[in-house]
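Asker: The file below is my_file_4.cif, mmCIF, C-alpha atoms and all ligand atoms:
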```
data_entry
#
loop_
_atom_site.label_atom_id
_atom_site.label_comp_id
_atom_site.auth_asym_id
_atom_site.auth_seq_id
_atom_site.Cartn_x
_atom_site.Cartn_y
_atom_site.Cartn_z
CA MET A 1 105.55 111.44 124.16
CA THR A 2 103.08 108.86 122.92
CA GLU A 3 100.96 111.54 121.30
CA VAL A 4 104.03 112.80 119.41
CA LEU A 5 104.25 109.34 117.86
CA LEU A 6 100.62 109.60 116.82
CA GLU A 7 101.31 112.96 115.17
CA GLU A 8 104.20 111.40 113.28
CA ILE A 9 101.98 108.53 112.11
CA ARG A 10 99.40 110.98 110.82
CA GLU A 11 102.01 113.07 109.04
CA ASN A 12 103.46 109.99 107.34
CA GLY A 13 100.02 109.01 106.07
CA ASP A 14 99.77 105.42 104.78
CA ILE A 15 98.01 104.14 107.87
CA PRO A 16 97.63 100.34 107.85
CA VAL A 17 93.97 99.64 107.12
CA HIS A 18 94.00 96.26 108.83
CA ILE A 19 96.25 95.20 111.72
CA ALA A 20 96.27 91.64 113.03
CA VAL A 21 97.82 90.77 116.38
CA ILE A 22 99.13 87.56 117.93
CA MET A 23 98.92 88.47 121.61
CA ASP A 24 101.64 86.28 123.08
CA GLY A 25 103.56 86.22 126.35
CA ASN A 26 100.84 86.49 128.99
CA GLY A 27 102.12 83.37 130.73
CA ARG A 28 105.75 84.50 130.74
CA TRP A 29 104.75 87.95 131.98
CA ALA A 30 103.04 86.30 134.97
CA LYS A 31 105.86 83.82 135.56
CA GLN A 32 108.40 86.62 135.69
CA ARG A 33 106.41 88.03 138.59
CA GLY A 34 105.88 84.68 140.30
CA LYS A 35 102.15 84.87 139.63
CA PRO A 36 99.66 82.38 138.13
CA ARG A 37 99.30 82.49 134.34
CA ILE A 38 95.73 83.70 134.49
CA LEU A 39 96.94 86.95 136.00
CA GLY A 40 98.91 87.50 132.82
CA HIS A 41 95.74 87.03 130.78
CA ARG A 42 93.89 89.42 133.03
CA GLU A 43 96.57 92.07 132.64
CA GLY A 44 96.53 91.33 128.91
CA MET A 45 92.91 92.51 128.83
CA LYS A 46 94.12 95.99 129.69
CA SER A 47 96.39 95.88 126.66
CA VAL A 48 93.43 94.73 124.56
CA ARG A 49 91.46 97.78 125.69
CA GLU A 50 94.32 100.16 125.06
CA VAL A 51 95.27 98.75 121.66
CA ILE A 52 91.68 98.92 120.41
CA GLU A 53 91.40 102.55 121.44
CA ALA A 54 94.81 103.48 120.07
CA SER A 55 94.07 101.73 116.76
CA GLY A 56 90.90 103.77 116.40
CA ASP A 57 92.81 106.96 117.20
CA ALA A 58 95.39 106.16 114.53
CA GLY A 59 92.66 105.63 111.94
CA VAL A 60 93.03 101.86 111.61
CA LYS A 61 89.82 100.46 110.12
CA CYS A 62 90.12 96.84 111.05
CA LEU A 63 91.82 95.07 113.95
CA THR A 64 92.03 91.31 114.40
CA LEU A 65 93.06 89.87 117.77
CA TYR A 66 94.04 86.22 118.23
CA ALA A 67 92.33 85.51 121.54
CA PHE A 68 92.04 81.72 121.55
CA SER A 69 93.40 79.26 119.01
CA SER A 70 92.03 75.83 118.10
CA GLU A 71 95.18 74.44 119.71
CA ASN A 72 94.69 76.32 123.01
CA TRP A 73 92.23 73.60 124.12
CA ASN A 74 95.31 71.53 124.96
CA ARG A 75 96.16 73.82 127.88
CA PRO A 76 95.27 72.82 131.45
CA ARG A 77 91.50 72.75 131.85
CA ALA A 78 91.56 75.42 134.56
CA GLU A 79 93.36 77.84 132.25
CA VAL A 80 91.00 77.15 129.34
CA MET A 81 88.00 77.76 131.59
CA ALA A 82 89.51 80.92 132.99
CA LEU A 83 90.17 82.23 129.48
CA MET A 84 86.58 81.53 128.44
CA LYS A 85 85.27 83.28 131.54
CA LEU A 86 87.55 86.23 130.82
CA LEU A 87 86.15 86.46 127.31
CA GLU A 88 82.61 86.36 128.60
CA ARG A 89 83.35 89.01 131.16
CA TYR A 90 85.08 91.11 128.53
CA THR A 91 82.06 91.09 126.23
CA GLU A 92 79.87 92.25 129.08
CA SER A 93 82.15 94.89 130.60
CA GLU A 94 83.35 96.44 127.32
CA LYS A 95 80.29 96.41 125.13
CA ASP A 96 79.12 99.94 125.94
CA GLU A 97 82.59 101.40 125.52
CA LEU A 98 83.07 99.59 122.22
CA ARG A 99 79.72 100.73 120.93
CA SER A 100 80.41 104.32 121.90
CA GLN A 101 83.76 104.15 120.08
CA GLY A 102 81.97 102.97 116.93
CA VAL A 103 83.63 99.55 117.04
CA ARG A 104 81.78 96.67 115.39
CA VAL A 105 82.75 93.31 116.88
CA ARG A 106 82.78 90.10 114.86
CA ALA A 107 84.03 86.77 116.12
CA ILE A 108 85.96 84.52 113.76
CA GLY A 109 86.54 80.83 114.42
CA ARG A 110 84.39 77.81 115.16
CA ILE A 111 82.15 79.71 117.57
CA ASP A 112 79.43 77.04 117.42
CA GLU A 113 81.77 74.60 119.19
CA LEU A 114 82.02 76.80 122.29
CA GLU A 115 79.96 76.28 125.41
CA THR A 116 76.56 77.92 125.41
CA SER A 117 77.44 80.79 127.74
CA ALA A 118 80.56 81.81 125.77
CA ARG A 119 78.68 81.48 122.49
CA ARG A 120 75.81 83.60 123.74
CA ALA A 121 78.16 86.27 125.07
CA ILE A 122 79.89 86.52 121.70
CA ARG A 123 76.69 86.61 119.67
CA SER A 124 75.32 89.22 122.00
CA ILE A 125 78.26 91.64 121.65
CA GLU A 126 78.19 91.17 117.86
CA GLU A 127 74.54 92.13 117.85
CA TYR A 128 75.04 94.99 120.32
CA THR A 129 77.81 96.62 118.28
CA ARG A 130 76.56 95.85 114.76
CA GLU A 131 75.98 99.50 113.85
CA GLY A 132 79.61 100.48 114.58
CA ASN A 133 81.23 102.04 111.53
CA ARG A 134 84.51 103.47 112.78
CA MET A 135 86.41 100.20 113.14
CA ASP A 136 85.83 96.45 112.75
CA LEU A 137 87.18 94.32 115.55
CA PHE A 138 87.60 90.64 114.69
CA LEU A 139 88.07 88.45 117.73
CA ALA A 140 89.63 85.13 116.73
CA ILE A 141 88.22 82.57 119.16
CA ASN A 142 88.54 78.82 118.70
CA TYR A 143 90.27 79.93 115.53
CA GLY A 144 92.69 78.01 113.33
CA GLY A 145 93.88 79.12 109.90
CA ARG A 146 93.82 75.63 108.42
CA GLN A 147 90.39 74.97 109.88
CA GLU A 148 89.19 78.25 108.34
CA ILE A 149 90.40 77.14 104.90
CA VAL A 150 88.78 73.72 105.34
CA ASP A 151 85.49 75.35 106.40
CA ALA A 152 85.66 77.62 103.35
CA VAL A 153 86.31 74.67 101.03
CA ARG A 154 83.34 72.82 102.52
CA ALA A 155 80.97 75.77 102.07
CA LEU A 156 82.26 76.46 98.57
CA SER A 157 81.93 72.83 97.45
CA GLU A 158 78.34 72.81 98.68
CA ASP A 159 77.66 75.87 96.53
CA VAL A 160 79.31 74.20 93.55
CA ALA A 161 77.26 71.04 94.12
CA GLY A 162 74.11 73.14 94.47
CA GLY A 163 74.83 74.91 91.19
CA LYS A 164 75.35 78.34 92.82
CA VAL A 165 78.99 78.54 91.79
CA VAL A 166 80.65 77.28 88.61
CA SER A 167 84.04 75.78 89.48
CA GLY A 168 85.75 77.64 86.62
CA SER A 169 84.76 80.96 88.22
CA ILE A 170 86.62 80.25 91.47
CA ASP A 171 89.42 82.74 91.95
CA GLU A 172 91.20 84.26 94.98
CA ALA A 173 88.55 86.92 95.52
CA LEU A 174 85.67 84.49 95.34
CA PHE A 175 87.44 82.07 97.69
CA GLY A 176 88.22 84.91 100.12
CA GLY A 177 84.49 85.51 100.36
CA TYR A 178 84.10 82.08 101.97
CA LEU A 179 86.63 82.77 104.73
CA TYR A 180 85.55 83.95 108.20
CA THR A 181 86.97 87.38 107.36
CA ALA A 182 84.80 87.76 104.23
CA GLY A 183 84.50 91.39 103.24
CA ALA A 184 87.56 92.58 105.20
CA PRO A 185 90.77 93.58 103.43
CA ASP A 186 93.85 91.41 104.05
CA PRO A 187 95.97 92.57 107.00
CA ASP A 188 98.64 95.13 106.11
CA LEU A 189 100.52 94.54 109.34
CA LEU A 190 100.86 91.52 111.63
CA ILE A 191 102.17 92.21 115.12
CA ARG A 192 103.43 89.38 117.30
CA THR A 193 104.48 90.08 120.85
CA SER A 194 107.01 88.22 123.04
CA GLY A 195 109.57 87.48 120.37
CA GLU A 196 108.43 84.25 118.74
CA MET A 197 108.97 84.05 114.95
CA ARG A 198 105.91 82.01 114.09
CA ILE A 199 102.54 82.44 112.38
CA SER A 200 100.90 79.83 114.67
CA ASN A 201 98.09 78.88 112.31
CA PHE A 202 96.80 82.47 112.11
CA LEU A 203 95.10 83.90 108.99
CA LEU A 204 97.10 81.62 106.68
CA PHE A 205 95.40 82.71 103.46
CA GLN A 206 95.09 86.40 104.35
CA LEU A 207 98.70 87.01 105.46
CA ALA A 208 100.22 86.34 102.02
CA TYR A 209 101.67 89.87 101.60
CA THR A 210 101.37 91.18 105.16
CA GLU A 211 104.29 93.00 106.77
CA ILE A 212 105.38 91.22 109.96
CA TYR A 213 106.50 93.04 113.10
CA VAL A 214 107.79 91.01 116.04
CA THR A 215 108.60 92.64 119.36
CA ASP A 216 110.11 91.11 122.50
CA VAL A 217 107.58 92.98 124.66
CA PHE A 218 105.12 90.61 126.40
CA TRP A 219 101.48 91.23 125.55
CA PRO A 220 100.48 92.60 129.01
CA ASP A 221 103.20 95.26 128.59
CA PHE A 222 102.20 96.09 125.00
CA ARG A 223 100.32 99.37 125.16
CA ARG A 224 99.45 102.47 123.13
CA GLU A 225 103.06 103.55 122.65
CA HIS A 226 104.13 100.11 121.42
CA LEU A 227 101.31 100.01 118.89
CA PHE A 228 102.33 103.40 117.55
CA ARG A 229 105.96 102.25 117.27
CA ALA A 230 104.86 99.20 115.29
CA ILE A 231 102.85 101.41 112.90
CA LEU A 232 105.81 103.76 112.46
CA ASP A 233 108.02 100.80 111.64
CA TYR A 234 105.44 99.62 109.09
CA GLN A 235 105.39 103.05 107.47
CA LYS A 236 109.10 102.69 106.68
CA ARG A 237 108.62 99.41 104.82
CA ASP A 238 108.78 99.12 101.07
CA ARG A 239 105.83 96.91 100.16
CA ARG A 240 106.42 95.32 96.80
CA PHE A 241 103.78 92.59 96.53
CA GLY A 242 106.24 90.62 94.39
CA LYS A 243 107.01 93.59 92.12
CA VAL A 244 110.08 95.82 92.00
CA SER A 245 110.63 98.63 94.49
CA SER A 246 108.29 101.60 94.43
CA GLY A 247 111.33 103.77 95.25
CA LYS A 248 110.17 104.59 98.78
C1 LIG B 301 99.10 84.06 124.73
O1 LIG B 301 99.91 84.09 125.88
C2 LIG B 301 97.77 84.56 125.01
C3 LIG B 301 96.62 83.84 124.93
C4 LIG B 301 96.58 82.42 124.56
C5 LIG B 301 95.32 84.42 125.24
C6 LIG B 301 95.12 85.85 124.87
C7 LIG B 301 93.97 86.37 125.62
C8 LIG B 301 93.87 87.61 126.18
C9 LIG B 301 94.89 88.66 126.03
C10 LIG B 301 92.69 87.98 127.01
C11 LIG B 301 91.37 87.85 126.35
C12 LIG B 301 91.28 88.54 125.07
C13 LIG B 301 90.21 89.21 124.60
C14 LIG B 301 90.21 89.76 123.23
C15 LIG B 301 89.02 89.43 125.41
P1 LIG B 301 100.49 82.73 126.43
O2 LIG B 301 99.59 82.26 127.52
O3 LIG B 301 100.68 81.76 125.31
O4 LIG B 301 101.85 83.21 127.00
P2 LIG B 301 103.21 82.37 127.07
O5 LIG B 301 103.59 82.05 125.66
O6 LIG B 301 104.14 83.31 127.73
O7 LIG B 301 102.91 81.16 127.89
#
```
Take the structure in the file and give it back as structure tokens.
Ligand code: FPP
Answerer:
Amino acid sequence: MTEVLLEEIRENGDIPVHIAVIMDGNGRWAKQRGKPRILGHREGMKSVREVIEASGDAGVKCLTLYAFSSENWNRPRAEVMALMKLLERYTESEKDELRSQGVRVRAIGRIDELETSARRAIRSIEEYTREGNRMDLFLAINYGGRQEIVDAVRALSEDVAGGKVVSGSIDEALFGGYLYTAGAPDPDLLIRTSGEMRISNFLLFQLAYTEIYVTDVFWPDFRREHLFRAILDYQKRDRRFGKVSSGK
């Protein structure tokens, strides 16, 4: 069944080049089962694995996963620590698989603010997978969209002050080159699981013309089939970028 969906995606063509995902609902998934929230995150890792593989199979070139936001520090300390440990474990347990799939991992966010062990784990998987050329995987960790814009403005103003950039030459493309996602195309499709209709400080600059797909499915239940359904839905959209209809 799932593979029929993949066939349909391929026949339609117009595969989204970049998909961004807000992986929400781990806590509610666990609560529904009377289990601690961390179990939801752990189950969510299986979805991470499956969605990465399925994205590669569909021909997606870039996948961005919102793993930990700047605001997530406000959660109970035990949950924050468990999430960090999960990330560290993930980088270790998945690195060979990711490399063999041709996935290049890049972390986006204020990585330097993380504890040494998490920071090292992230830098190490980036290094380990740097030759990957089938798909880019951006892991948003300690990420905030406003913070990203502020960091870009800081770096850009230093370059202006240092005479490297003339302020009159600043345009959207040049500014985009100062964002954490420099070099990547803007997302074509944003998927948010568990039904919430919010952007939650994610990729604020890059999402300007992105198609949004919200599903009620909780992240730990979101698997290969759900990803393919989201892509099929995207393929039916009429993207106008502010212009008139292309007649699709
Ligand atoms: C949102 O669910 C999920 C998170 C804050 C963390 C996402 C992390 C993972 C799926 C595992 C680690 C990821 C990688 C890439 C290694 P929530 O806790 O906000 O759920 P709720 O809204 O139901 O409470």
Asker: Considering all atoms listed in the file, give me a table of residues in chain A that are at most 6 Å from ligand LIG 301 (chain B), with the closest atom pair and distance in Å for each, as JSON lines.
Answerer:
```
{"residue": "A:Met23", "atom": "CA", "partner": "B:LIG301", "partner_atom": "C2", "distance": 5.3}
{"residue": "A:Asp24", "atom": "CA", "partner": "B:LIG301", "partner_atom": "C1", "distance": 3.8}
{"residue": "A:Gly25", "atom": "CA", "partner": "B:LIG301", "partner_atom": "O6", "distance": 3.3}
{"residue": "A:Asn26", "atom": "CA", "partner": "B:LIG301", "partner_atom": "O4", "distance": 4.0}
{"residue": "A:Gly27", "atom": "CA", "partner": "B:LIG301", "partner_atom": "O6", "distance": 3.6}
{"residue": "A:Arg28", "atom": "CA", "partner": "B:LIG301", "partner_atom": "O6", "distance": 3.6}
{"residue": "A:His41", "atom": "CA", "partner": "B:LIG301", "partner_atom": "C10", "distance": 4.9}
{"residue": "A:Gly44", "atom": "CA", "partner": "B:LIG301", "partner_atom": "C9", "distance": 4.3}
{"residue": "A:Met45", "atom": "CA", "partner": "B:LIG301", "partner_atom": "C10", "distance": 4.9}
{"residue": "A:Ala67", "atom": "CA", "partner": "B:LIG301", "partner_atom": "C6", "distance": 4.4}
{"residue": "A:Phe68", "atom": "CA", "partner": "B:LIG301", "partner_atom": "C4", "distance": 5.5}
{"residue": "A:Leu87", "atom": "CA", "partner": "B:LIG301", "partner_atom": "C15", "distance": 4.5}
{"residue": "A:Tyr90", "atom": "CA", "partner": "B:LIG301", "partner_atom": "C15", "distance": 5.3}
```
Asker: Range 235-241 of chain A: which residues within 12 Å, counting only C-alpha atoms, same-chain residues fewer than 5 positions away excluded, as a PDB file with C-alpha atoms, in the coordinates of the input?
Answerer:
```pdb
ATOM      1  CA  GLU A   8     104.200 111.400 113.280  1.00  0.00           C
ATOM      2  CA  ILE A   9     101.980 108.530 112.110  1.00  0.00           C
ATOM      3  CA  ARG A  10      99.400 110.980 110.820  1.00  0.00           C
ATOM      4  CA  GLU A  11     102.010 113.070 109.040  1.00  0.00           C
ATOM      5  CA  ASN A  12     103.460 109.990 107.340  1.00  0.00           C
ATOM      6  CA  GLY A  13     100.020 109.010 106.070  1.00  0.00           C
ATOM      7  CA  ASP A  14      99.770 105.420 104.780  1.00  0.00           C
ATOM      8  CA  ILE A  15      98.010 104.140 107.870  1.00  0.00           C
ATOM      9  CA  PRO A  16      97.630 100.340 107.850  1.00  0.00           C
ATOM     10  CA  VAL A  17      93.970  99.640 107.120  1.00  0.00           C
ATOM     11  CA  ASP A 188      98.640  95.130 106.110  1.00  0.00           C
ATOM     12  CA  LEU A 189     100.520  94.540 109.340  1.00  0.00           C
ATOM     13  CA  LEU A 207      98.700  87.010 105.460  1.00  0.00           C
ATOM     14  CA  ALA A 208     100.220  86.340 102.020  1.00  0.00           C
ATOM     15  CA  TYR A 209     101.670  89.870 101.600  1.00  0.00           C
ATOM     16  CA  THR A 210     101.370  91.180 105.160  1.00  0.00           C
ATOM     17  CA  GLU A 211     104.290  93.000 106.770  1.00  0.00           C
ATOM     18  CA  ILE A 212     105.380  91.220 109.960  1.00  0.00           C
ATOM     19  CA  TYR A 213     106.500  93.040 113.100  1.00  0.00           C
ATOM     20  CA  PHE A 228     102.330 103.400 117.550  1.00  0.00           C
ATOM     21  CA  ARG A 229     105.960 102.250 117.270  1.00  0.00           C
ATOM     22  CA  ALA A 230     104.860  99.200 115.290  1.00  0.00           C
ATOM     23  CA  SER A 246     108.290 101.600  94.430  1.00  0.00           C
ATOM     24  CA  GLY A 247     111.330 103.770  95.250  1.00  0.00           C
ATOM     25  CA  LYS A 248     110.170 104.590  98.780  1.00  0.00           C
TER      26      LYS A 248
END
```
Asker: Rounded to one decimal, what separation in Å do you get between CA of Ala30 in chain A and CA of Asp136 in chain A?
Answerer: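 We find that CA of Ala30 in chain A and CA of Asp136 in chain A lie 29.9 Å from each other.
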Asker: Residues at most 9 Å from Gly144 in chain A, counting all atoms listed in the file, excluding those fewer than 2 positions away in the same chain, as a list in words?
Answerer: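 Selected residues are Ser69, Ser70, Glu71, Gly109, Arg110, Ala140, Ile141, Asn142, Arg146, Gln147, Glu148, Ile149, Ser200, Asn201, Phe202, Leu203 and Leu204 of chain A.
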Asker: What does the structure give for the distance between CA of Arg119 in chain A and CA of Phe138 in chain A, in Å to one decimal?
Answerer: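 Distance reported for this atom pair: 15.0 Å.
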Asker: Write out as an NGL selection string which residues come within 6 Å of range 103-107 of chain A when counting all atoms listed in the file, dropping same-chain ones fewer than 2 positions away.
Answerer: :A and (98-99 or 101 or 126 or 129-130 or 132 or 134-140)
Asker: Calculate how many Å separate CA of Glu131 in chain A from CA of Ser117 in chain A, rounding to one decimal.
Answerer: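 That distance, rounded to one decimal, is 23.3 Å.
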Asker: Might you pull out every residue within 12 Å of Ala54 in chain A, with all atoms listed in the file counted and same-chain residues fewer than 5 positions away left off, and present them as a compact mmCIF listing (two decimals) with C-alpha atoms, in the frame of the given file?
Answerer:
```
# COMPACT_ATOMS: atom_id res chain seq x y z
CA THR A 2 103.08 108.86 122.92
CA GLU A 3 100.96 111.54 121.30
CA LEU A 5 104.25 109.34 117.86
CA LEU A 6 100.62 109.60 116.82
CA ILE A 9 101.98 108.53 112.11
CA ILE A 19 96.25 95.20 111.72
CA SER A 47 96.39 95.88 126.66
CA VAL A 48 93.43 94.73 124.56
CA ARG A 49 91.46 97.78 125.69
CA GLY A 59 92.66 105.63 111.94
CA VAL A 60 93.03 101.86 111.61
CA LYS A 61 89.82 100.46 110.12
CA LEU A 63 91.82 95.07 113.95
CA GLN A 101 83.76 104.15 120.08
CA MET A 135 86.41 100.20 113.14
CA PHE A 222 102.20 96.09 125.00
CA ARG A 223 100.32 99.37 125.16
CA ARG A 224 99.45 102.47 123.13
CA GLU A 225 103.06 103.55 122.65
CA HIS A 226 104.13 100.11 121.42
CA LEU A 227 101.31 100.01 118.89
CA PHE A 228 102.33 103.40 117.55
CA ARG A 229 105.96 102.25 117.27
CA ALA A 230 104.86 99.20 115.29
CA ILE A 231 102.85 101.41 112.90
```
Asker: With distances taken over only C-alpha atoms, which of A:Ala118, A:Met197, A:Met81, A:Ile191 is nearest to Asp233 in chain A?
Answerer: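 That would be A:Ile191, the residue with the smallest distance to Asp233 in chain A.
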Asker: Go through A:Glu97, A:Val166, A:Glu115, A:Tyr66 one by one, measure the shortest atom-to-atom distance of each to Glu50 in chain A using all atoms listed in the file, and give the residue with the smallest value.
Answerer: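 Among the listed residues, the smallest separation from Glu50 in chain A belongs to A:Glu97.
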Asker: With distances taken over only C-alpha atoms, which residue among A:Ile52, A:Ala58, A:Val150, A:Ala82 lies nearest Glu7 in chain A?
Answerer: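 Of the candidates, the smallest distance to Glu7 in chain A is held by A:Ala58.
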Asker: With all atoms listed in the file as the atoms that count, which of A:Tyr128, A:Ser194, A:Asp159, A:Trp73 lies nearest to Asp96 in chain A?
Answerer: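 Among A:Tyr128, A:Ser194, A:Asp159, A:Trp73, it is A:Tyr128 that comes nearest to Asp96 in chain A.
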Asker: List every protein, DNA or RNA residue that has at least one atom no more than 6 Å from (86.5, 78.9, 100.0) in the file's coordinates, counting all atoms listed in the file, and write the result as a PyMOL selection string.
Answerer: chain A and resi 152-153+156+175+178
Asker: Using all atoms listed in the file and a cutoff of 12 Å, can you tell me which residues are near (77.6, 90.4, 131.5) in the file's coordinates, and write them out as a list in words?
Answerer: Lys85, Leu86, Leu87, Glu88, Arg89, Tyr90, Thr91, Glu92, Ser93, Glu94, Lys95, Asp96, Ser117, Ala118, Arg120, Ala121, Ile122, Ser124 and Ile125 of chain A
Asker: A:Gly242, A:Pro220, A:Ile111, A:Gly183: which is nearest Arg37 in chain A, counting all atoms listed in the file?
Answerer: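 Once distances to Arg37 in chain A are computed over all atoms listed in the file, the minimum belongs to A:Pro220.
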Asker: Please fill the gaps in range 54-66 of chain A so it has N, CA and C atoms, and write that as a tab-separated table (two decimals), keeping the file's coordinate frame.
Answerer:
```tsv
chain	number	residue	atom	x	y	z
A	54	ALA	N	93.71	102.85	120.79
A	54	ALA	CA	94.81	103.48	120.07
A	54	ALA	C	94.70	103.22	118.56
A	55	SER	N	94.24	102.04	118.18
A	55	SER	CA	94.07	101.73	116.76
A	55	SER	C	93.03	102.67	116.16
A	56	GLY	N	91.94	102.84	116.87
A	56	GLY	CA	90.90	103.77	116.40
A	56	GLY	C	91.45	105.17	116.26
A	57	ASP	N	92.23	105.61	117.24
A	57	ASP	CA	92.81	106.96	117.20
A	57	ASP	C	93.75	107.14	116.00
A	58	ALA	N	94.45	106.06	115.65
A	58	ALA	CA	95.39	106.16	114.53
A	58	ALA	C	94.68	106.07	113.18
A	59	GLY	N	93.41	105.71	113.19
A	59	GLY	CA	92.66	105.63	111.94
A	59	GLY	C	92.67	104.24	111.30
A	60	VAL	N	93.07	103.24	112.10
A	60	VAL	CA	93.03	101.86	111.61
A	60	VAL	C	91.56	101.45	111.47
A	61	LYS	N	91.23	100.79	110.39
A	61	LYS	CA	89.82	100.46	110.12
A	61	LYS	C	89.43	99.07	110.57
A	62	CYS	N	90.44	98.23	110.73
A	62	CYS	CA	90.12	96.84	111.05
A	62	CYS	C	91.24	96.26	111.93
A	63	LEU	N	90.84	95.64	113.02
A	63	LEU	CA	91.82	95.07	113.95
A	63	LEU	C	91.40	93.63	114.25
A	64	THR	N	92.35	92.71	114.10
A	64	THR	CA	92.03	91.31	114.40
A	64	THR	C	92.92	90.83	115.54
A	65	LEU	N	92.31	90.33	116.60
A	65	LEU	CA	93.06	89.87	117.77
A	65	LEU	C	92.90	88.36	117.93
A	66	TYR	N	94.05	87.68	118.08
A	66	TYR	CA	94.04	86.22	118.23
A	66	TYR	C	93.86	85.92	119.71
```
